[in-house]
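Asker: One file is attached below, entry.txt, containing compact mmCIF, C-alpha atoms and all ligand atoms.
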# COMPACT_ATOMS: atom_id res chain seq x y z
CA MET B 226 35.93 94.67 55.47
CA HIS B 227 33.78 92.48 57.71
CA VAL B 228 33.88 88.98 56.22
CA PHE B 229 31.63 86.07 57.20
CA VAL B 230 33.46 82.76 56.67
CA THR B 231 31.77 79.37 56.79
CA GLY B 232 34.18 76.48 57.30
CA ALA B 233 36.48 78.97 59.05
CA SER B 234 37.87 76.20 61.26
CA GLY B 235 38.66 73.87 58.35
CA TRP B 236 41.86 73.09 56.48
CA ILE B 237 41.52 75.85 53.90
CA GLY B 238 39.32 78.04 56.09
CA SER B 239 41.72 78.38 59.00
CA ALA B 240 44.57 79.45 56.69
CA THR B 241 42.22 81.80 54.85
CA VAL B 242 41.12 83.41 58.10
CA ASP B 243 44.77 84.03 59.01
CA GLU B 244 45.29 85.77 55.64
CA LEU B 245 42.17 87.89 56.09
CA LEU B 246 43.16 88.95 59.60
CA ALA B 247 46.68 89.79 58.40
CA ALA B 248 45.14 91.95 55.65
CA GLY B 249 43.21 93.89 58.30
CA HIS B 250 39.76 92.40 57.75
CA GLU B 251 37.30 91.72 60.54
CA VAL B 252 36.16 88.09 60.42
CA THR B 253 33.12 86.26 61.74
CA GLY B 254 33.36 82.48 61.48
CA LEU B 255 30.59 79.92 61.52
CA ALA B 256 31.33 77.28 64.17
CA ARG B 257 29.34 74.14 64.86
CA SER B 258 31.22 72.98 67.94
CA ASP B 259 32.77 74.37 71.11
CA ALA B 260 36.21 73.30 69.88
CA SER B 261 35.87 75.14 66.57
CA ALA B 262 34.44 78.21 68.31
CA ALA B 263 37.34 78.27 70.78
CA ALA B 264 39.94 77.91 68.01
CA LEU B 265 38.42 80.86 66.15
CA GLN B 266 38.06 83.03 69.23
CA ALA B 267 41.71 82.38 70.14
CA LYS B 268 42.79 84.15 66.98
CA GLY B 269 40.46 87.09 67.31
CA VAL B 270 37.62 85.89 65.10
CA HIS B 271 33.99 86.62 66.06
CA VAL B 272 31.99 83.41 66.30
CA ARG B 273 28.54 82.72 64.96
CA ARG B 274 27.36 79.37 66.22
CA GLY B 275 25.54 77.32 63.61
CA ASP B 276 25.41 74.32 61.37
CA LEU B 277 25.02 73.91 57.63
CA ASP B 278 21.50 72.69 58.37
CA ASP B 279 20.79 75.85 60.35
CA LEU B 280 20.06 78.10 57.39
CA ALA B 281 18.73 80.91 59.59
CA SER B 282 22.16 81.27 61.18
CA ILE B 283 23.89 81.25 57.80
CA ARG B 284 21.45 83.87 56.49
CA ALA B 285 21.99 86.11 59.52
CA GLY B 286 25.76 85.77 59.19
CA ALA B 287 25.64 86.74 55.51
CA GLU B 288 23.30 89.68 56.13
CA ALA B 289 25.52 91.09 58.87
CA ALA B 290 28.74 91.01 56.84
CA GLU B 291 30.20 92.94 53.92
CA ALA B 292 31.44 89.80 52.17
CA VAL B 293 30.95 86.05 52.48
CA ILE B 294 33.44 83.24 51.91
CA HIS B 295 31.70 79.87 51.93
CA LEU B 296 34.07 76.97 52.66
CA ALA B 297 32.04 74.70 54.95
CA ASN B 298 31.15 71.31 53.57
CA LYS B 299 29.76 68.19 55.21
CA HIS B 300 32.14 65.92 53.26
CA ASP B 301 29.97 62.92 54.11
CA TRP B 302 31.43 60.59 51.50
CA SER B 303 28.94 57.87 52.49
CA ASN B 304 26.08 60.19 51.53
CA PRO B 305 27.15 62.44 48.64
CA ALA B 306 23.55 63.41 47.85
CA ALA B 307 23.02 64.84 51.34
CA THR B 308 26.36 66.63 51.17
CA ALA B 309 25.45 68.17 47.81
CA ALA B 310 21.97 69.15 49.01
CA ALA B 311 23.42 70.92 52.05
CA GLU B 312 25.94 72.70 49.82
CA ARG B 313 23.23 73.89 47.45
CA ALA B 314 20.95 75.03 50.28
CA ALA B 315 23.76 77.02 51.90
CA VAL B 316 24.71 78.71 48.62
CA GLN B 317 21.09 79.57 47.89
CA THR B 318 20.65 80.97 51.39
CA ILE B 319 23.75 83.15 51.12
CA GLY B 320 22.82 84.29 47.61
CA ASP B 321 19.30 85.23 48.71
CA ALA B 322 20.68 87.12 51.71
CA LEU B 323 22.99 89.19 49.46
CA VAL B 324 20.51 90.09 46.68
CA GLY B 325 20.83 93.76 45.75
CA THR B 326 23.92 94.39 47.89
CA ASN B 327 26.67 93.80 45.26
CA ARG B 328 28.67 92.22 48.06
CA PRO B 329 31.43 89.69 47.30
CA PHE B 330 30.42 86.05 47.69
CA LEU B 331 33.28 83.58 47.25
CA LEU B 332 32.39 79.90 47.27
CA ALA B 333 34.44 76.73 47.25
CA SER B 334 34.43 74.71 44.07
CA GLY B 335 36.78 72.34 42.28
CA VAL B 336 38.24 71.38 38.92
CA ALA B 337 36.69 67.91 38.53
CA GLY B 338 34.56 67.21 35.50
CA LEU B 339 35.36 70.45 33.66
CA THR B 340 37.23 68.93 30.70
CA ARG B 341 38.30 65.66 29.17
CA GLY B 342 41.78 65.03 27.82
CA ARG B 343 43.20 68.46 28.59
CA PRO B 344 43.77 70.60 31.67
CA ALA B 345 40.83 72.74 32.76
CA SER B 346 41.18 76.49 32.53
CA GLU B 347 39.24 79.40 33.98
CA ASP B 348 37.45 79.68 30.62
CA ASP B 349 35.83 76.29 31.09
CA PRO B 350 32.33 76.66 32.50
CA ASN B 351 31.19 74.23 35.15
CA PRO B 352 28.84 71.66 33.55
CA SER B 353 27.05 70.91 36.84
CA HIS B 354 23.58 72.38 36.94
CA GLY B 355 20.80 71.60 39.36
CA PRO B 356 20.41 69.85 42.69
CA GLU B 357 21.25 66.35 41.43
CA SER B 358 24.65 67.33 40.04
CA PRO B 359 28.06 67.25 41.78
CA ARG B 360 28.29 69.78 44.64
CA GLY B 361 24.60 70.45 44.01
CA GLY B 362 25.49 72.61 41.00
CA SER B 363 26.53 75.27 43.49
CA GLU B 364 29.00 77.16 41.26
CA ASN B 365 26.39 77.84 38.60
CA LEU B 366 23.74 78.53 41.22
CA ALA B 367 25.95 81.23 42.73
CA PHE B 368 26.56 82.75 39.29
CA GLU B 369 22.79 83.04 38.76
CA TYR B 370 22.89 85.77 41.40
CA ILE B 371 25.06 88.06 39.23
CA ASP B 372 21.89 89.42 37.61
CA ARG B 373 20.38 89.97 41.06
CA GLY B 374 23.00 92.33 42.43
CA VAL B 375 25.44 89.86 43.99
CA HIS B 376 29.19 89.57 43.29
CA PRO B 377 29.87 85.82 43.24
CA MET B 378 33.30 84.29 42.56
CA ALA B 379 34.17 80.59 42.35
CA LEU B 380 37.19 79.32 44.23
CA ARG B 381 38.21 76.30 42.19
CA PHE B 382 40.61 74.44 44.44
CA ALA B 383 42.98 71.82 43.06
CA PRO B 384 41.96 68.30 44.20
CA THR B 385 44.83 68.40 46.61
CA VAL B 386 45.37 71.47 48.74
CA HIS B 387 48.36 70.00 50.52
CA GLY B 388 50.58 70.66 53.50
CA ALA B 389 51.57 69.27 56.87
CA SER B 390 48.56 67.92 58.83
CA ASP B 391 46.38 67.76 55.70
CA HIS B 392 43.38 65.46 56.26
CA GLY B 393 42.08 65.64 52.68
CA PHE B 394 42.35 63.33 49.68
CA ILE B 395 46.11 62.64 49.80
CA ALA B 396 45.88 61.80 53.51
CA ILE B 397 43.07 59.39 52.66
CA ILE B 398 45.13 57.80 49.86
CA ALA B 399 48.06 57.47 52.29
CA ALA B 400 45.69 55.85 54.82
CA VAL B 401 44.63 53.31 52.18
CA ALA B 402 48.31 52.55 51.50
CA ARG B 403 48.92 52.00 55.22
CA GLU B 404 45.91 49.71 55.49
CA MET B 405 46.68 47.71 52.34
CA GLY B 406 50.45 47.53 52.93
CA VAL B 407 51.08 48.80 49.43
CA SER B 408 51.00 52.23 47.78
CA GLY B 409 48.80 51.87 44.72
CA TYR B 410 48.10 53.97 41.66
CA PRO B 411 45.27 53.39 39.20
CA GLY B 412 46.13 51.69 35.90
CA ASP B 413 49.29 53.07 34.34
CA GLY B 414 49.29 56.04 36.74
CA THR B 415 49.51 58.66 33.99
CA ASN B 416 46.30 60.45 35.02
CA ARG B 417 47.18 63.67 36.81
CA TRP B 418 46.05 65.73 39.75
CA ALA B 419 46.49 69.47 39.93
CA ALA B 420 47.99 70.53 43.26
CA VAL B 421 48.49 73.61 45.40
CA HIS B 422 49.94 74.30 48.83
CA ARG B 423 47.53 75.51 51.51
CA SER B 424 49.42 78.78 52.09
CA ASP B 425 49.18 79.71 48.40
CA THR B 426 45.49 78.82 48.41
CA ALA B 427 44.72 81.11 51.32
CA ARG B 428 46.60 83.97 49.66
CA MET B 429 44.67 83.44 46.46
CA VAL B 430 41.34 83.58 48.32
CA ALA B 431 42.27 86.87 50.01
CA LEU B 432 43.43 88.35 46.69
CA GLY B 433 40.24 87.16 45.01
CA LEU B 434 38.16 88.93 47.64
CA ALA B 435 40.07 92.15 46.98
CA LYS B 436 40.35 92.06 43.20
CA ALA B 437 38.21 89.59 41.25
CA PRO B 438 35.17 90.58 39.18
CA ALA B 439 31.75 88.97 39.56
CA GLY B 440 31.63 85.62 37.81
CA ALA B 441 35.39 85.02 38.15
CA ARG B 442 36.49 81.42 38.20
CA LEU B 443 39.67 81.47 40.25
CA HIS B 444 41.98 78.47 39.97
CA ALA B 445 43.94 77.69 43.11
CA VAL B 446 46.43 75.60 41.18
CA ALA B 447 50.20 75.67 41.50
CA GLU B 448 51.04 72.45 39.62
CA VAL B 449 49.03 71.67 36.48
CA GLY B 450 49.10 67.93 37.00
CA VAL B 451 51.10 65.50 39.11
CA PRO B 452 50.84 61.92 37.71
CA THR B 453 49.15 59.58 40.18
CA ARG B 454 52.07 57.20 39.78
CA ASP B 455 54.43 59.90 41.10
CA ILE B 456 52.05 60.49 44.02
CA ALA B 457 51.94 56.78 44.86
CA GLU B 458 55.72 56.48 44.60
CA ALA B 459 56.20 59.40 47.00
CA ILE B 460 53.70 57.89 49.47
CA GLY B 461 55.50 54.53 49.15
CA ARG B 462 58.85 56.23 49.91
CA ALA B 463 57.38 58.10 52.87
CA LEU B 464 55.72 55.03 54.38
CA GLY B 465 58.35 52.47 53.41
CA LEU B 466 55.82 50.54 51.33
CA PRO B 467 56.05 48.86 47.92
CA VAL B 468 54.40 50.69 45.02
CA THR B 469 52.14 48.97 42.53
CA SER B 470 49.62 49.52 39.77
CA ILE B 471 46.01 48.69 40.62
CA ALA B 472 44.08 47.36 37.63
CA PRO B 473 41.09 49.58 36.72
CA ASP B 474 38.65 46.76 37.62
CA ASP B 475 40.17 46.50 41.10
CA VAL B 476 40.35 50.21 41.89
CA GLN B 477 37.07 50.38 43.83
CA ASP B 478 37.93 47.32 45.94
CA HIS B 479 41.40 48.61 46.67
CA PHE B 480 40.78 52.30 47.30
CA GLY B 481 37.08 52.44 48.20
CA TRP B 482 35.22 55.64 47.27
CA ILE B 483 38.43 57.64 46.80
CA GLY B 484 39.30 55.32 43.89
CA THR B 485 36.82 57.15 41.66
CA PHE B 486 38.64 60.44 42.21
CA PHE B 487 42.13 58.94 42.11
CA SER B 488 41.32 57.46 38.69
CA MET B 489 40.29 60.80 37.22
CA ASP B 490 42.52 63.13 35.24
CA LEU B 491 42.16 66.33 37.26
CA ALA B 492 44.71 68.59 35.64
CA ALA B 493 44.11 72.33 35.58
CA THR B 494 45.93 75.54 34.73
CA SER B 495 45.88 78.87 36.57
CA ALA B 496 47.49 81.32 34.12
CA MET B 497 44.43 83.58 34.07
CA THR B 498 44.13 83.62 37.86
CA ARG B 499 47.82 84.48 38.24
CA GLU B 500 47.47 87.31 35.74
CA LEU B 501 44.22 88.64 37.20
CA LEU B 502 45.30 88.61 40.83
CA GLY B 503 49.06 89.03 40.52
CA TRP B 504 49.25 85.72 42.37
CA ALA B 505 52.32 83.49 42.21
CA PRO B 506 52.39 80.26 44.22
CA THR B 507 55.57 79.91 46.26
CA GLY B 508 54.86 76.94 48.54
CA PRO B 509 56.36 73.45 48.32
CA THR B 510 55.18 71.05 45.64
CA LEU B 511 52.99 68.07 46.48
CA ILE B 512 55.88 65.62 46.16
CA GLU B 513 58.09 67.84 48.31
CA ASP B 514 55.39 67.87 51.00
CA ILE B 515 55.01 64.08 50.91
CA ASP B 516 58.80 63.61 50.95
CA ALA B 517 59.04 66.02 53.90
CA GLY B 518 56.84 63.70 55.96
CA GLY B 519 53.57 65.61 55.75
CA TYR B 520 51.66 62.38 55.14
CA SER B 521 53.79 59.94 57.10
CA VAL B 522 51.66 60.00 60.23
CA PRO B 523 47.90 59.40 60.27
CA THR B 524 45.71 62.52 60.63
CA ARG B 525 42.04 62.93 61.46
CA ILE B 526 40.34 62.26 58.13
CA SER B 527 37.92 64.90 56.84
CA GLY B 528 34.22 64.24 57.30
N1 LIG F 1 41.09 70.47 50.66
C1 LIG F 1 41.04 70.28 49.34
O1 LIG F 1 42.00 69.72 48.79
C2 LIG F 1 39.84 70.71 48.53
C3 LIG F 1 39.86 70.50 47.14
C4 LIG F 1 38.76 70.90 46.38
C5 LIG F 1 37.68 71.51 46.99
N2 LIG F 1 37.68 71.68 48.36
C6 LIG F 1 36.52 72.32 48.96
O2 LIG F 1 36.95 73.45 49.71
C7 LIG F 1 36.10 73.63 50.87
C8 LIG F 1 36.96 73.64 52.12
O3 LIG F 1 37.64 72.39 52.19
P1 LIG F 1 38.56 71.99 53.42
O4 LIG F 1 39.60 71.07 52.89
O5 LIG F 1 39.00 73.20 54.17
O6 LIG F 1 37.54 71.15 54.30
P2 LIG F 1 37.63 70.70 55.83
O7 LIG F 1 39.01 70.85 56.37
O8 LIG F 1 36.98 69.38 55.93
O9 LIG F 1 36.75 71.79 56.58
C9 LIG F 1 35.37 71.76 56.46
C10 LIG F 1 34.81 72.90 57.27
O10 LIG F 1 33.38 72.79 57.21
C11 LIG F 1 32.89 72.73 58.54
N3 LIG F 1 31.72 71.87 58.56
C12 LIG F 1 31.65 70.56 58.26
N4 LIG F 1 30.40 70.11 58.40
C13 LIG F 1 29.66 71.18 58.82
C14 LIG F 1 28.32 71.36 59.16
N5 LIG F 1 27.44 70.35 59.11
N6 LIG F 1 27.91 72.59 59.55
C15 LIG F 1 28.79 73.63 59.61
N7 LIG F 1 30.09 73.52 59.30
C16 LIG F 1 30.52 72.30 58.91
C17 LIG F 1 34.01 72.16 59.38
O11 LIG F 1 33.80 72.49 60.74
P3 LIG F 1 34.61 71.76 61.94
O12 LIG F 1 36.00 72.34 61.93
O13 LIG F 1 33.86 72.13 63.16
O14 LIG F 1 34.60 70.30 61.64
C18 LIG F 1 35.20 72.86 58.75
O15 LIG F 1 35.31 74.18 59.23
C19 LIG F 1 35.09 72.48 50.82
O16 LIG F 1 33.94 72.91 50.14
C20 LIG F 1 35.81 71.45 49.98
O17 LIG F 1 34.93 70.51 49.38
C21 LIG F 1 38.73 71.31 49.13
If you convert what's in this file into structure tokens, what do you get?
Answerer:
Amino acid sequence: MHVFVTGASGWIGSATVDELLAAGHEVTGLARSDASAAALQAKGVHVRRGDLDDLASIRAGAEAAEAVIHLANKHDWSNPAATAAAERAAVQTIGDALVGTNRPFLLASGVAGLTRGRPASEDDPNPSHGPESPRGGSENLAFEYIDRGVHPMALRFAPTVHGASDHGFIAIIAAVAREMGVSGYPGDGTNRWAAVHRSDTARMVALGLAKAPAGARLHAVAEVGVPTRDIAEAIGRALGLPVTSIAPDDVQDHFGWIGTFFSMDLAATSAMTRELLGWAPTGPTLIEDIDAGGYSVPTRISG
């Protein structure tokens, strides 16, 4: 199958592309820079130059392919509204391009905000609707295309898709620890984060492309919930820093914008995804990755 991948050069995207190529797919990746284009070309991926703001390029890429996997995201944490607007516009553009084709359209999503007080499951609908909502309501927007002859599937990634050289949330939390000289956790540190290794995530995406029905909510989750206190203790061990609780009122000052996420209970299950896809995560756990030194050296932070 010829698959158009946005974000093909990213953390999840580059591993996903490797899985797709190994499965015999032809891949075209959206690249916004010479460096990203070169990295894709080096592994045999066709390159479509373009930016998330270049909707004509995204439309053309979607029209020319037999499936689309949308993983690009601006991740401009200083301007979440612009990031969400770009996400929504890209999803709408891809959806419009695929109307009447019944082609697979897999889009990145997450597990935040799905439930309170219990882990989120695939049965939990995403409450975000409309342009003002988190991620621009993109998961529900994509699902609106089911009635218009598109085959959308949500890729709900755990808040940490971890591994060596990760530049996502855990790398940012480790960077805060380095800067503050202490590895903090919010409050009593009992709130949890679901976690999954990057290799398992990429395999799940490729299996989802092959097997999942329209409207599937696929949970890339290996661990239901790792307490934030355990995460902070592992980062403290890895960096040789003391570990401490950060009072809820001080979380924003201490962590900055990531404090909001680190204070949330983001636990999620994946039993239905495992059953549906025959997927079984096999990669290291989050704590194993931190203990192995995956977050001991600074990495380029996402954005
Ligand atoms: N990683 C996680 O733990 C996690 C958890 C939940 C959800 N997600 C979601 O999963 C998706 C993939 O995440 P990721 O961790 O792989 O992100 P990432 O490593 O930051 O990669 C982002 C990708 O988007 C591209 N990109 C950024 N801005 C762009 C723009 N203006 N125009 C075109 N392309 C642009 C980047 O291109 P360059 O390589 O050229 O910079 C890169 O390929 C995102 O939607 C993310 O929000 C990730």
Asker: Could you list, as a PDB file with C-alpha atoms, keeping the file's coordinate frame, all protein and nucleic acid residues with an atom at most 7 Å from ligand LIG 1 (chain F), counting all atoms listed in the file?
Answerer:
ATOM      1  CA  THR B 231      31.770  79.370  56.790  1.00  0.00           C
ATOM      2  CA  GLY B 232      34.180  76.480  57.300  1.00  0.00           C
ATOM      3  CA  ALA B 233      36.480  78.970  59.050  1.00  0.00           C
ATOM      4  CA  SER B 234      37.870  76.200  61.260  1.00  0.00           C
ATOM      5  CA  GLY B 235      38.660  73.870  58.350  1.00  0.00           C
ATOM      6  CA  TRP B 236      41.860  73.090  56.480  1.00  0.00           C
ATOM      7  CA  ILE B 237      41.520  75.850  53.900  1.00  0.00           C
ATOM      8  CA  GLY B 238      39.320  78.040  56.090  1.00  0.00           C
ATOM      9  CA  LEU B 255      30.590  79.920  61.520  1.00  0.00           C
ATOM     10  CA  ALA B 256      31.330  77.280  64.170  1.00  0.00           C
ATOM     11  CA  ARG B 257      29.340  74.140  64.860  1.00  0.00           C
ATOM     12  CA  SER B 258      31.220  72.980  67.940  1.00  0.00           C
ATOM     13  CA  SER B 261      35.870  75.140  66.570  1.00  0.00           C
ATOM     14  CA  GLY B 275      25.540  77.320  63.610  1.00  0.00           C
ATOM     15  CA  ASP B 276      25.410  74.320  61.370  1.00  0.00           C
ATOM     16  CA  LEU B 277      25.020  73.910  57.630  1.00  0.00           C
ATOM     17  CA  ASP B 278      21.500  72.690  58.370  1.00  0.00           C
ATOM     18  CA  LEU B 296      34.070  76.970  52.660  1.00  0.00           C
ATOM     19  CA  ALA B 297      32.040  74.700  54.950  1.00  0.00           C
ATOM     20  CA  ASN B 298      31.150  71.310  53.570  1.00  0.00           C
ATOM     21  CA  LYS B 299      29.760  68.190  55.210  1.00  0.00           C
ATOM     22  CA  HIS B 300      32.140  65.920  53.260  1.00  0.00           C
ATOM     23  CA  ALA B 333      34.440  76.730  47.250  1.00  0.00           C
ATOM     24  CA  SER B 334      34.430  74.710  44.070  1.00  0.00           C
ATOM     25  CA  GLY B 335      36.780  72.340  42.280  1.00  0.00           C
ATOM     26  CA  ARG B 381      38.210  76.300  42.190  1.00  0.00           C
ATOM     27  CA  PHE B 382      40.610  74.440  44.440  1.00  0.00           C
ATOM     28  CA  ALA B 383      42.980  71.820  43.060  1.00  0.00           C
ATOM     29  CA  PRO B 384      41.960  68.300  44.200  1.00  0.00           C
ATOM     30  CA  THR B 385      44.830  68.400  46.610  1.00  0.00           C
ATOM     31  CA  VAL B 386      45.370  71.470  48.740  1.00  0.00           C
ATOM     32  CA  HIS B 387      48.360  70.000  50.520  1.00  0.00           C
ATOM     33  CA  HIS B 392      43.380  65.460  56.260  1.00  0.00           C
ATOM     34  CA  GLY B 393      42.080  65.640  52.680  1.00  0.00           C
ATOM     35  CA  PHE B 394      42.350  63.330  49.680  1.00  0.00           C
ATOM     36  CA  SER B 527      37.920  64.900  56.840  1.00  0.00           C
ATOM     37  CA  GLY B 528      34.220  64.240  57.300  1.00  0.00           C
TER      38      GLY B 528
END
Asker: Please list as a list in words every residue within 8 Å of Arg417 of chain B, counting all atoms listed in the file and excluding residues in the same chain fewer than 3 positions away.
Answerer: Gly414, Gly450, Val451, Pro452, Thr453, Met489, Asp490, Leu491 and Ala492 of chain B
Asker: If you measure from atom CA of Leu323 of chain B to atom CA of Ala345 of chain B, what distance in Å do you get, rounded to one decimal?
Answerer: 29.5 Å
Asker: Residues near His295 of chain B, anyone? I mean within 12 Å using only C-alpha atoms, not counting same-chain ones fewer than 6 positions away, as JSON, numbers by chain.
Answerer: {"B": [228, 229, 230, 231, 232, 233, 234, 235, 237, 238, 241, 242, 253, 254, 255, 277, 283, 284, 286, 287, 312, 313, 314, 315, 316, 317, 318, 319, 320, 329, 330, 331, 332, 333, 334, 363, 364, 367, 377, 378, 379, 380, 430, 434]}
Asker: Keeping only C-alpha atoms, take the residues you just selected and write them out as a CSV table (one decimal), in the coordinates of the input.
Answerer:
chain,number,residue,atom,x,y,z
B,228,VAL,CA,33.9,89.0,56.2
B,229,PHE,CA,31.6,86.1,57.2
B,230,VAL,CA,33.5,82.8,56.7
B,231,THR,CA,31.8,79.4,56.8
B,232,GLY,CA,34.2,76.5,57.3
B,233,ALA,CA,36.5,79.0,59.0
B,234,SER,CA,37.9,76.2,61.3
B,235,GLY,CA,38.7,73.9,58.4
B,237,ILE,CA,41.5,75.8,53.9
B,238,GLY,CA,39.3,78.0,56.1
B,241,THR,CA,42.2,81.8,54.8
B,242,VAL,CA,41.1,83.4,58.1
B,253,THR,CA,33.1,86.3,61.7
B,254,GLY,CA,33.4,82.5,61.5
B,255,LEU,CA,30.6,79.9,61.5
B,277,LEU,CA,25.0,73.9,57.6
B,283,ILE,CA,23.9,81.2,57.8
B,284,ARG,CA,21.4,83.9,56.5
B,286,GLY,CA,25.8,85.8,59.2
B,287,ALA,CA,25.6,86.7,55.5
B,312,GLU,CA,25.9,72.7,49.8
B,313,ARG,CA,23.2,73.9,47.4
B,314,ALA,CA,21.0,75.0,50.3
B,315,ALA,CA,23.8,77.0,51.9
B,316,VAL,CA,24.7,78.7,48.6
B,317,GLN,CA,21.1,79.6,47.9
B,318,THR,CA,20.6,81.0,51.4
B,319,ILE,CA,23.8,83.2,51.1
B,320,GLY,CA,22.8,84.3,47.6
B,329,PRO,CA,31.4,89.7,47.3
B,330,PHE,CA,30.4,86.0,47.7
B,331,LEU,CA,33.3,83.6,47.2
B,332,LEU,CA,32.4,79.9,47.3
B,333,ALA,CA,34.4,76.7,47.2
B,334,SER,CA,34.4,74.7,44.1
B,363,SER,CA,26.5,75.3,43.5
B,364,GLU,CA,29.0,77.2,41.3
B,367,ALA,CA,26.0,81.2,42.7
B,377,PRO,CA,29.9,85.8,43.2
B,378,MET,CA,33.3,84.3,42.6
B,379,ALA,CA,34.2,80.6,42.4
B,380,LEU,CA,37.2,79.3,44.2
B,430,VAL,CA,41.3,83.6,48.3
B,434,LEU,CA,38.2,88.9,47.6
Asker: Restricting the calculation to all atoms listed in the file: of B:Ala435, B:Val401, B:Asp475, B:His376, which residue gets closest to Leu502 of chain B?
Answerer: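 Smallest separation from Leu502 of chain B among the options: B:Ala435.
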Asker: Between atom CA of Ile456 of chain B and atom CA of Ala240 of chain B, measure the distance and give it in Å to one decimal.
Answerer: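 According to the coordinates, atom CA of Ile456 of chain B and atom CA of Ala240 of chain B are separated by 24.0 Å.
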Asker: Got a sec to check which residues sit within 12 Å of (54.0, 59.3, 56.6), counting only C-alpha atoms, and write them as a ChimeraX atom specification?
Answerer: /B:389-391,395-403,408,459-466,514-524
Asker: For Pro344 of chain B, find every residue with an atom within 12 Å (counting all atoms listed in the file), except residues of its own chain fewer than 3 positions away, and show them as a ChimeraX atom specification.
Answerer: /B:336-341,347-349,383,416-419,444,446,448-451,489-496
Asker: Measuring atom to atom with all atoms listed in the file, identify which of B:Gly388, B:Asn365, B:Ala505, B:Asp474 is nearest to Leu432 of chain B.
Answerer: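 The shortest atom-to-atom distance to Leu432 of chain B comes from B:Ala505.
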Asker: Using all atoms listed in the file, find the one residue out of B:Thr415, B:Arg360, B:Glu291, B:Ala306 that sits nearest to Gly342 of chain B.
Answerer: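 Under the stated criterion, the closest residue is B:Thr415.
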Asker: In terms of the shortest atom-to-atom distance over all atoms listed in the file, which of B:Gly406, B:Pro305, B:Gly249, B:Pro467 is closest to Trp482 of chain B?
Answerer: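 Checking each of B:Gly406, B:Pro305, B:Gly249, B:Pro467 against Trp482 of chain B, counting all atoms listed in the file, the winner is B:Pro305.
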Asker: If I take atom CA of Val293 of chain B and atom CA of Pro438 of chain B, how far is one from the other in Å, to one decimal?
Answerer: 14.7 Å
Asker: Point out the residue among B:Ala439, B:Gly374, B:Pro411, B:Ala310 with the least atom-to-atom distance to Thr485 of chain B, counting only C-alpha atoms.
Answerer: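 Smallest distance to Thr485 of chain B is found for B:Pro411.
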